[in-house]
Amino acid sequence: MPIRFQHKPGLVVYITAGDPSLDATRSIAVAAIDAGADVIELGVPFSDPLADGPIIQRASERALKHGVSLKNVLGLAGEIRAARPEAGLVIFSYLNPILRYGLSRFADDAAAAGVDGVLATDMIVEEAAEYLAALDCVHLAPIFLAAPTSPDERLEAIASHSKGFVYAISRTGITGKQQSLAADAAALVARIRRWTTLPVAVGFGISNADHVAQVAEFADAAVVGSAIVELIERSTPDEAPGAVARFIKGLRLPETALAR
Amino acid sequence: MASVILPAIPSESRPGRFGIYGGRYVPETLMAALVELEREYEIAKADAAFQAELNALLTDYAGRPTPLYFAKRLTESLGGAKIYLKREDLLHTGAHKINNALGQGLLAKRMGKKRIIAETGAGQHGVATATVCALLDLACVVYMGEVDMARQELNVMRMRLLGAEVRSVSSGSRTLKDAISEAMRDWVTNVRTTYYLLGSALGAHPYPTMVRDFHRVISREMKEQILEKEGRLPSAVIACVGGGSNAIGAFYEFLHDRQVRLIGVEAGGNGTELGQHAARFRGGVPGVLQGTFSYVLQDENGQIASTHSVSAGLDYASIGPEHAALHDSGRAEYVAQDDAAALDAVVKLARTEGILPALESAHAVAEAIRIAPALPPRDILVVNLSGRGDKDMGILARELNLKRI
Ligand SMILES: Cc1ncc(COP(=O)(O)O)c(C=O)c1O
């Protein structure tokens, strides 16, 4: 299914699958969608998450402690898809678990589970030929990251190989919360738009309604990750879906929210 | 005579690709920096002034060329092949790591970077980097796993004395792998101002190629020295393999001399189960860790396995991609020696030759001790003695009960 942003601004919500449990992640994802998330990014926990800050590192550790695997995450994706057919569903992973699973087997199983797109943090366009072919076979959207440090020729390649949306990293750095939105972000989005008409989502460090409102001025969607993962960390499994739903509702300021 | 199929010598199929291994698997934020580094390195490599400056430092500061020493008493005690030691342990700071740290340090300076970050396992690369930063007036931050900081405390003190900031890493297995992840997180964040001085033939292109080039001098000298002393090439070159920098440096100039066996020695740790060793070619599966595609010790879900070795410098779940290609092609052989054999080798070398090897290097010595007796006396084994063992005195005192002897 094509990824669509039904709200303005669009919201992409990242959650680490299996933190605190697979059941809890399912309830949280459904609650997030009902609260207005357009796209759920299901993070596959990895032992060595070198692009992640402490919050998502801890979430991965918790998920791995009870053995959550890529196979489990794909199963979870299928359940979320069955419960909410309309929402966008993206698998967010480091490459190694995907390679170990087998690239084409992964693509087949992800597509069968109803996943729309895949974002592999450590996959860059130059190395992606086989990966792109595997995803393309089953109509999964490859989503690449664009960074403030990416020169124009790289942005062109990133934009032309991405489907669904382009993910613009708001700043040089790892995932985590931050006080203010980097000035880098608007300039990066403007540069990306020279190469594509795809929606552009801005992520890394987006933690509150203020940030989302700022992103809304120049991008199509905001990605919220660490702020939500931290909220899940601080909540009991029972409270987490409600807490996440309230948080998401609070992210869109009233004047920009469109009723569903 | 039966026809012999010679092993293929893997070449770089394209820059940074060794057979199917290598490449670049990093967050996009780092790509511009890697491309810039590759370009600047190529320019520096071809620049006679850069090479002259590096060579002068290698000679006058680091102490190159290092001797190729005939270990007569060790040889006699084993009663087989002649054993030579390439004395990288005699270099300034005590290990081969200084070759690469000087090369990259000069490159960083040339690129106008004023802040250097590095990871370290045994602390030897950290010490070499801290040393070069002091020499070149660069700010230095070294990431080191908590486990390694405890077992290589002496090197932590050395780095601090040299003016480096040592940041402890408490995530994951708290060893080299986690130090690399933390250094990469720093680099992603500070990429515009910071140079990542990676310490082994690992990581994303151009690191494996560049680090190998800076250590090639080891085999260049070895070859000259053995030809001068013996008038022929060795039967085998033996080196320990952590990430693979000293081994690739010791192998490289012999790749096309097919009669020379190239033997890499991995850490056999204290058992053969996943988690008890760091022998990537015994149970590792090709995968991506920290920027490169190579053999990786991992579980069936693609999660990186924990490793164990008595030597911090060999205690790593992946291996440099060029070694992966050399392994698959059969041009180099890889074996494992366990903790106990390495400790025995330390004692043996200390008592026959008066040389105290680093625990990492002791793995290579252990392999020579294993194979020499069965080889004819005209065979020559060259062991790359990558470092000295002063840093390991704490571990040795405990493991060998030195306080009670
Ligand atoms: C003396 C010594 N030898 C070998 C190694 C292993 O590294 P490499 O495989 O890159 O030579 C280390 C690493 O810390 C070391 O200190």
# chains A, B, ... in the order shown; residues from 1 in each chain; ligands from 1

$ residues_near_ligand --ligand "ligand 1" --cutoff "7 Å" --atoms "only C-alpha atoms and all ligand atoms" --output "count of residues only"
28

$ residues_around --residues "Val217 (chain B)" --least-positions-apart "3" --cutoff "12 Å" --atoms "only C-alpha atoms" --output "number ranges by chain"
B: 54-55, 58-59, 64-66, 86, 88, 96, 98-100, 103, 211-214, 220-225, 245-254

$ write_last_selection --atoms "C-alpha atoms" --output "CSV table (one decimal), in the first residue's frame"
chain,number,residue,atom,x,y,z
B,54,LEU,CA,55.7,10.2,7.6
B,55,ASN,CA,58.9,8.3,6.9
B,58,LEU,CA,58.6,6.5,11.5
B,59,THR,CA,62.4,6.4,11.5
B,64,ARG,CA,61.8,2.0,12.2
B,65,PRO,CA,63.0,-0.2,10.8
B,66,THR,CA,62.4,-2.7,13.5
B,86,LYS,CA,59.7,-9.2,13.7
B,88,GLU,CA,57.2,-4.4,16.3
B,96,HIS,CA,52.7,-1.7,15.7
B,98,ILE,CA,52.0,3.7,16.0
B,99,ASN,CA,52.6,3.1,12.3
B,100,ASN,CA,48.9,3.8,11.5
B,103,GLY,CA,50.0,8.1,9.2
B,211,VAL,CA,45.2,1.2,7.7
B,212,ARG,CA,46.7,-1.7,5.7
B,213,ASP,CA,48.8,0.7,3.7
B,214,PHE,CA,50.2,2.3,6.8
B,220,ARG,CA,58.3,-4.6,3.2
B,221,GLU,CA,61.0,-4.6,5.9
B,222,MET,CA,60.5,-8.3,6.7
B,223,LYS,CA,61.0,-9.3,3.2
B,224,GLU,CA,64.2,-7.3,2.8
B,225,GLN,CA,65.6,-8.5,6.1
B,245,SER,CA,46.0,-4.5,11.1
B,246,ASN,CA,49.3,-6.1,12.2
B,247,ALA,CA,48.4,-9.3,10.2
B,248,ILE,CA,47.5,-7.5,7.0
B,249,GLY,CA,50.7,-5.4,7.3
B,250,ALA,CA,52.8,-8.5,7.8
B,251,PHE,CA,51.1,-10.5,5.0
B,252,TYR,CA,50.7,-7.9,2.3
B,253,GLU,CA,54.1,-7.9,0.5
B,254,PHE,CA,54.0,-11.7,0.5

$ interface_residues --of "chain B" --to "chain A" --cutoff "7 Å" --atoms "only C-alpha atoms" --output "ChimeraX atom specification"
/B:25-29,32,181-182,184-185,188-189,287-288,301-304

$ atom_distance --atom1 "CA of Gly275 (chain B)" --atom2 "CA of Ser171 (chain B)"
16.7 Å

$ residues_around --residues "Gly242 (chain A)" --least-positions-apart "3" --cutoff "9 Å" --atoms "only C-alpha atoms" --output "list in words"
Ile28, Ala31, Ala32, Asp238, Glu239, Ala245, Arg246 and Phe247 of chain A

$ decode --residues "region 183-210 of chain B" --atoms "N, CA, C and O atoms" --output "PDB file, in the first residue's frame"
ATOM      1  N   ALA B 183      32.514   5.532  19.555  1.00  0.00           N
ATOM      2  CA  ALA B 183      33.319   6.461  18.753  1.00  0.00           C
ATOM      3  C   ALA B 183      32.540   6.867  17.496  1.00  0.00           C
ATOM      4  O   ALA B 183      32.564   8.033  17.088  1.00  0.00           O
ATOM      5  N   MET B 184      31.825   5.919  16.912  1.00  0.00           N
ATOM      6  CA  MET B 184      31.050   6.259  15.719  1.00  0.00           C
ATOM      7  C   MET B 184      29.904   7.210  16.046  1.00  0.00           C
ATOM      8  O   MET B 184      29.570   8.102  15.275  1.00  0.00           O
ATOM      9  N   ARG B 185      29.312   7.049  17.225  1.00  0.00           N
ATOM     10  CA  ARG B 185      28.251   7.991  17.635  1.00  0.00           C
ATOM     11  C   ARG B 185      28.834   9.395  17.802  1.00  0.00           C
ATOM     12  O   ARG B 185      28.217  10.384  17.410  1.00  0.00           O
ATOM     13  N   ASP B 186      29.999   9.478  18.384  1.00  0.00           N
ATOM     14  CA  ASP B 186      30.668  10.782  18.515  1.00  0.00           C
ATOM     15  C   ASP B 186      30.942  11.353  17.125  1.00  0.00           C
ATOM     16  O   ASP B 186      30.669  12.532  16.856  1.00  0.00           O
ATOM     17  N   TRP B 187      31.432  10.499  16.236  1.00  0.00           N
ATOM     18  CA  TRP B 187      31.788  10.985  14.893  1.00  0.00           C
ATOM     19  C   TRP B 187      30.557  11.489  14.142  1.00  0.00           C
ATOM     20  O   TRP B 187      30.583  12.543  13.513  1.00  0.00           O
ATOM     21  N   VAL B 188      29.455  10.739  14.230  1.00  0.00           N
ATOM     22  CA  VAL B 188      28.217  11.173  13.571  1.00  0.00           C
ATOM     23  C   VAL B 188      27.813  12.556  14.075  1.00  0.00           C
ATOM     24  O   VAL B 188      27.340  13.406  13.323  1.00  0.00           O
ATOM     25  N   THR B 189      28.020  12.786  15.360  1.00  0.00           N
ATOM     26  CA  THR B 189      27.581  14.038  15.976  1.00  0.00           C
ATOM     27  C   THR B 189      28.519  15.197  15.650  1.00  0.00           C
ATOM     28  O   THR B 189      28.088  16.323  15.429  1.00  0.00           O
ATOM     29  N   ASN B 190      29.818  14.912  15.613  1.00  0.00           N
ATOM     30  CA  ASN B 190      30.813  15.985  15.459  1.00  0.00           C
ATOM     31  C   ASN B 190      31.582  15.875  14.153  1.00  0.00           C
ATOM     32  O   ASN B 190      32.728  16.321  14.053  1.00  0.00           O
ATOM     33  N   VAL B 191      30.931  15.294  13.161  1.00  0.00           N
ATOM     34  CA  VAL B 191      31.644  14.912  11.933  1.00  0.00           C
ATOM     35  C   VAL B 191      32.299  16.097  11.219  1.00  0.00           C
ATOM     36  O   VAL B 191      33.336  15.946  10.578  1.00  0.00           O
ATOM     37  N   ARG B 192      31.757  17.279  11.414  1.00  0.00           N
ATOM     38  CA  ARG B 192      32.317  18.412  10.672  1.00  0.00           C
ATOM     39  C   ARG B 192      33.673  18.853  11.216  1.00  0.00           C
ATOM     40  O   ARG B 192      34.463  19.451  10.509  1.00  0.00           O
ATOM     41  N   THR B 193      33.920  18.561  12.489  1.00  0.00           N
ATOM     42  CA  THR B 193      35.159  19.059  13.093  1.00  0.00           C
ATOM     43  C   THR B 193      36.118  17.949  13.518  1.00  0.00           C
ATOM     44  O   THR B 193      37.237  18.224  13.926  1.00  0.00           O
ATOM     45  N   THR B 194      35.652  16.717  13.465  1.00  0.00           N
ATOM     46  CA  THR B 194      36.386  15.638  14.124  1.00  0.00           C
ATOM     47  C   THR B 194      36.915  14.621  13.138  1.00  0.00           C
ATOM     48  O   THR B 194      36.254  14.275  12.166  1.00  0.00           O
ATOM     49  N   TYR B 195      38.114  14.134  13.409  1.00  0.00           N
ATOM     50  CA  TYR B 195      38.712  13.059  12.619  1.00  0.00           C
ATOM     51  C   TYR B 195      38.636  11.777  13.437  1.00  0.00           C
ATOM     52  O   TYR B 195      39.077  11.741  14.587  1.00  0.00           O
ATOM     53  N   TYR B 196      38.080  10.722  12.838  1.00  0.00           N
ATOM     54  CA  TYR B 196      38.031   9.426  13.520  1.00  0.00           C
ATOM     55  C   TYR B 196      39.259   8.610  13.128  1.00  0.00           C
ATOM     56  O   TYR B 196      39.385   8.179  12.000  1.00  0.00           O
ATOM     57  N   LEU B 197      40.149   8.419  14.089  1.00  0.00           N
ATOM     58  CA  LEU B 197      41.394   7.689  13.844  1.00  0.00           C
ATOM     59  C   LEU B 197      41.194   6.221  14.248  1.00  0.00           C
ATOM     60  O   LEU B 197      41.520   5.817  15.364  1.00  0.00           O
ATOM     61  N   LEU B 198      40.636   5.460  13.335  1.00  0.00           N
ATOM     62  CA  LEU B 198      40.300   4.060  13.568  1.00  0.00           C
ATOM     63  C   LEU B 198      41.583   3.231  13.641  1.00  0.00           C
ATOM     64  O   LEU B 198      42.500   3.438  12.853  1.00  0.00           O
ATOM     65  N   GLY B 199      41.613   2.276  14.563  1.00  0.00           N
ATOM     66  CA  GLY B 199      42.857   1.617  14.901  1.00  0.00           C
ATOM     67  C   GLY B 199      43.120   0.253  14.303  1.00  0.00           C
ATOM     68  O   GLY B 199      44.137  -0.365  14.608  1.00  0.00           O
ATOM     69  N   SER B 200      42.208  -0.240  13.464  1.00  0.00           N
ATOM     70  CA  SER B 200      42.517  -1.523  12.849  1.00  0.00           C
ATOM     71  C   SER B 200      42.014  -1.519  11.402  1.00  0.00           C
ATOM     72  O   SER B 200      41.401  -0.552  10.957  1.00  0.00           O
ATOM     73  N   ALA B 201      42.282  -2.613  10.692  1.00  0.00           N
ATOM     74  CA  ALA B 201      41.922  -2.659   9.262  1.00  0.00           C
ATOM     75  C   ALA B 201      40.459  -3.028   9.113  1.00  0.00           C
ATOM     76  O   ALA B 201      40.097  -4.003   8.471  1.00  0.00           O
ATOM     77  N   LEU B 202      39.622  -2.235   9.741  1.00  0.00           N
ATOM     78  CA  LEU B 202      38.207  -2.502   9.930  1.00  0.00           C
ATOM     79  C   LEU B 202      37.388  -1.345   9.425  1.00  0.00           C
ATOM     80  O   LEU B 202      37.916  -0.340   8.985  1.00  0.00           O
ATOM     81  N   GLY B 203      36.079  -1.467   9.572  1.00  0.00           N
ATOM     82  CA  GLY B 203      35.199  -0.332   9.342  1.00  0.00           C
ATOM     83  C   GLY B 203      34.951  -0.081   7.865  1.00  0.00           C
ATOM     84  O   GLY B 203      35.300  -0.884   6.999  1.00  0.00           O
ATOM     85  N   ALA B 204      34.325   1.055   7.604  1.00  0.00           N
ATOM     86  CA  ALA B 204      33.918   1.398   6.245  1.00  0.00           C
ATOM     87  C   ALA B 204      35.113   1.858   5.413  1.00  0.00           C
ATOM     88  O   ALA B 204      36.080   2.404   5.950  1.00  0.00           O
ATOM     89  N   HIS B 205      35.037   1.649   4.117  1.00  0.00           N
ATOM     90  CA  HIS B 205      36.036   2.165   3.200  1.00  0.00           C
ATOM     91  C   HIS B 205      36.155   3.685   3.383  1.00  0.00           C
ATOM     92  O   HIS B 205      35.140   4.324   3.506  1.00  0.00           O
ATOM     93  N   PRO B 206      37.340   4.286   3.444  1.00  0.00           N
ATOM     94  CA  PRO B 206      38.637   3.723   3.071  1.00  0.00           C
ATOM     95  C   PRO B 206      39.467   3.132   4.220  1.00  0.00           C
ATOM     96  O   PRO B 206      40.650   2.836   4.002  1.00  0.00           O
ATOM     97  N   TYR B 207      38.875   2.968   5.412  1.00  0.00           N
ATOM     98  CA  TYR B 207      39.729   2.565   6.535  1.00  0.00           C
ATOM     99  C   TYR B 207      40.512   1.259   6.314  1.00  0.00           C
ATOM    100  O   TYR B 207      41.728   1.233   6.559  1.00  0.00           O
ATOM    101  N   PRO B 208      39.850   0.169   5.883  1.00  0.00           N
ATOM    102  CA  PRO B 208      40.641  -1.076   5.777  1.00  0.00           C
ATOM    103  C   PRO B 208      41.843  -0.943   4.837  1.00  0.00           C
ATOM    104  O   PRO B 208      42.922  -1.486   5.118  1.00  0.00           O
ATOM    105  N   THR B 209      41.658  -0.212   3.763  1.00  0.00           N
ATOM    106  CA  THR B 209      42.739  -0.023   2.793  1.00  0.00           C
ATOM    107  C   THR B 209      43.821   0.894   3.357  1.00  0.00           C
ATOM    108  O   THR B 209      45.021   0.624   3.267  1.00  0.00           O
ATOM    109  N   MET B 210      43.376   1.996   3.937  1.00  0.00           N
ATOM    110  CA  MET B 210      44.317   2.996   4.446  1.00  0.00           C
ATOM    111  C   MET B 210      45.147   2.426   5.611  1.00  0.00           C
ATOM    112  O   MET B 210      46.372   2.589   5.644  1.00  0.00           O
TER     113      MET B 210
END
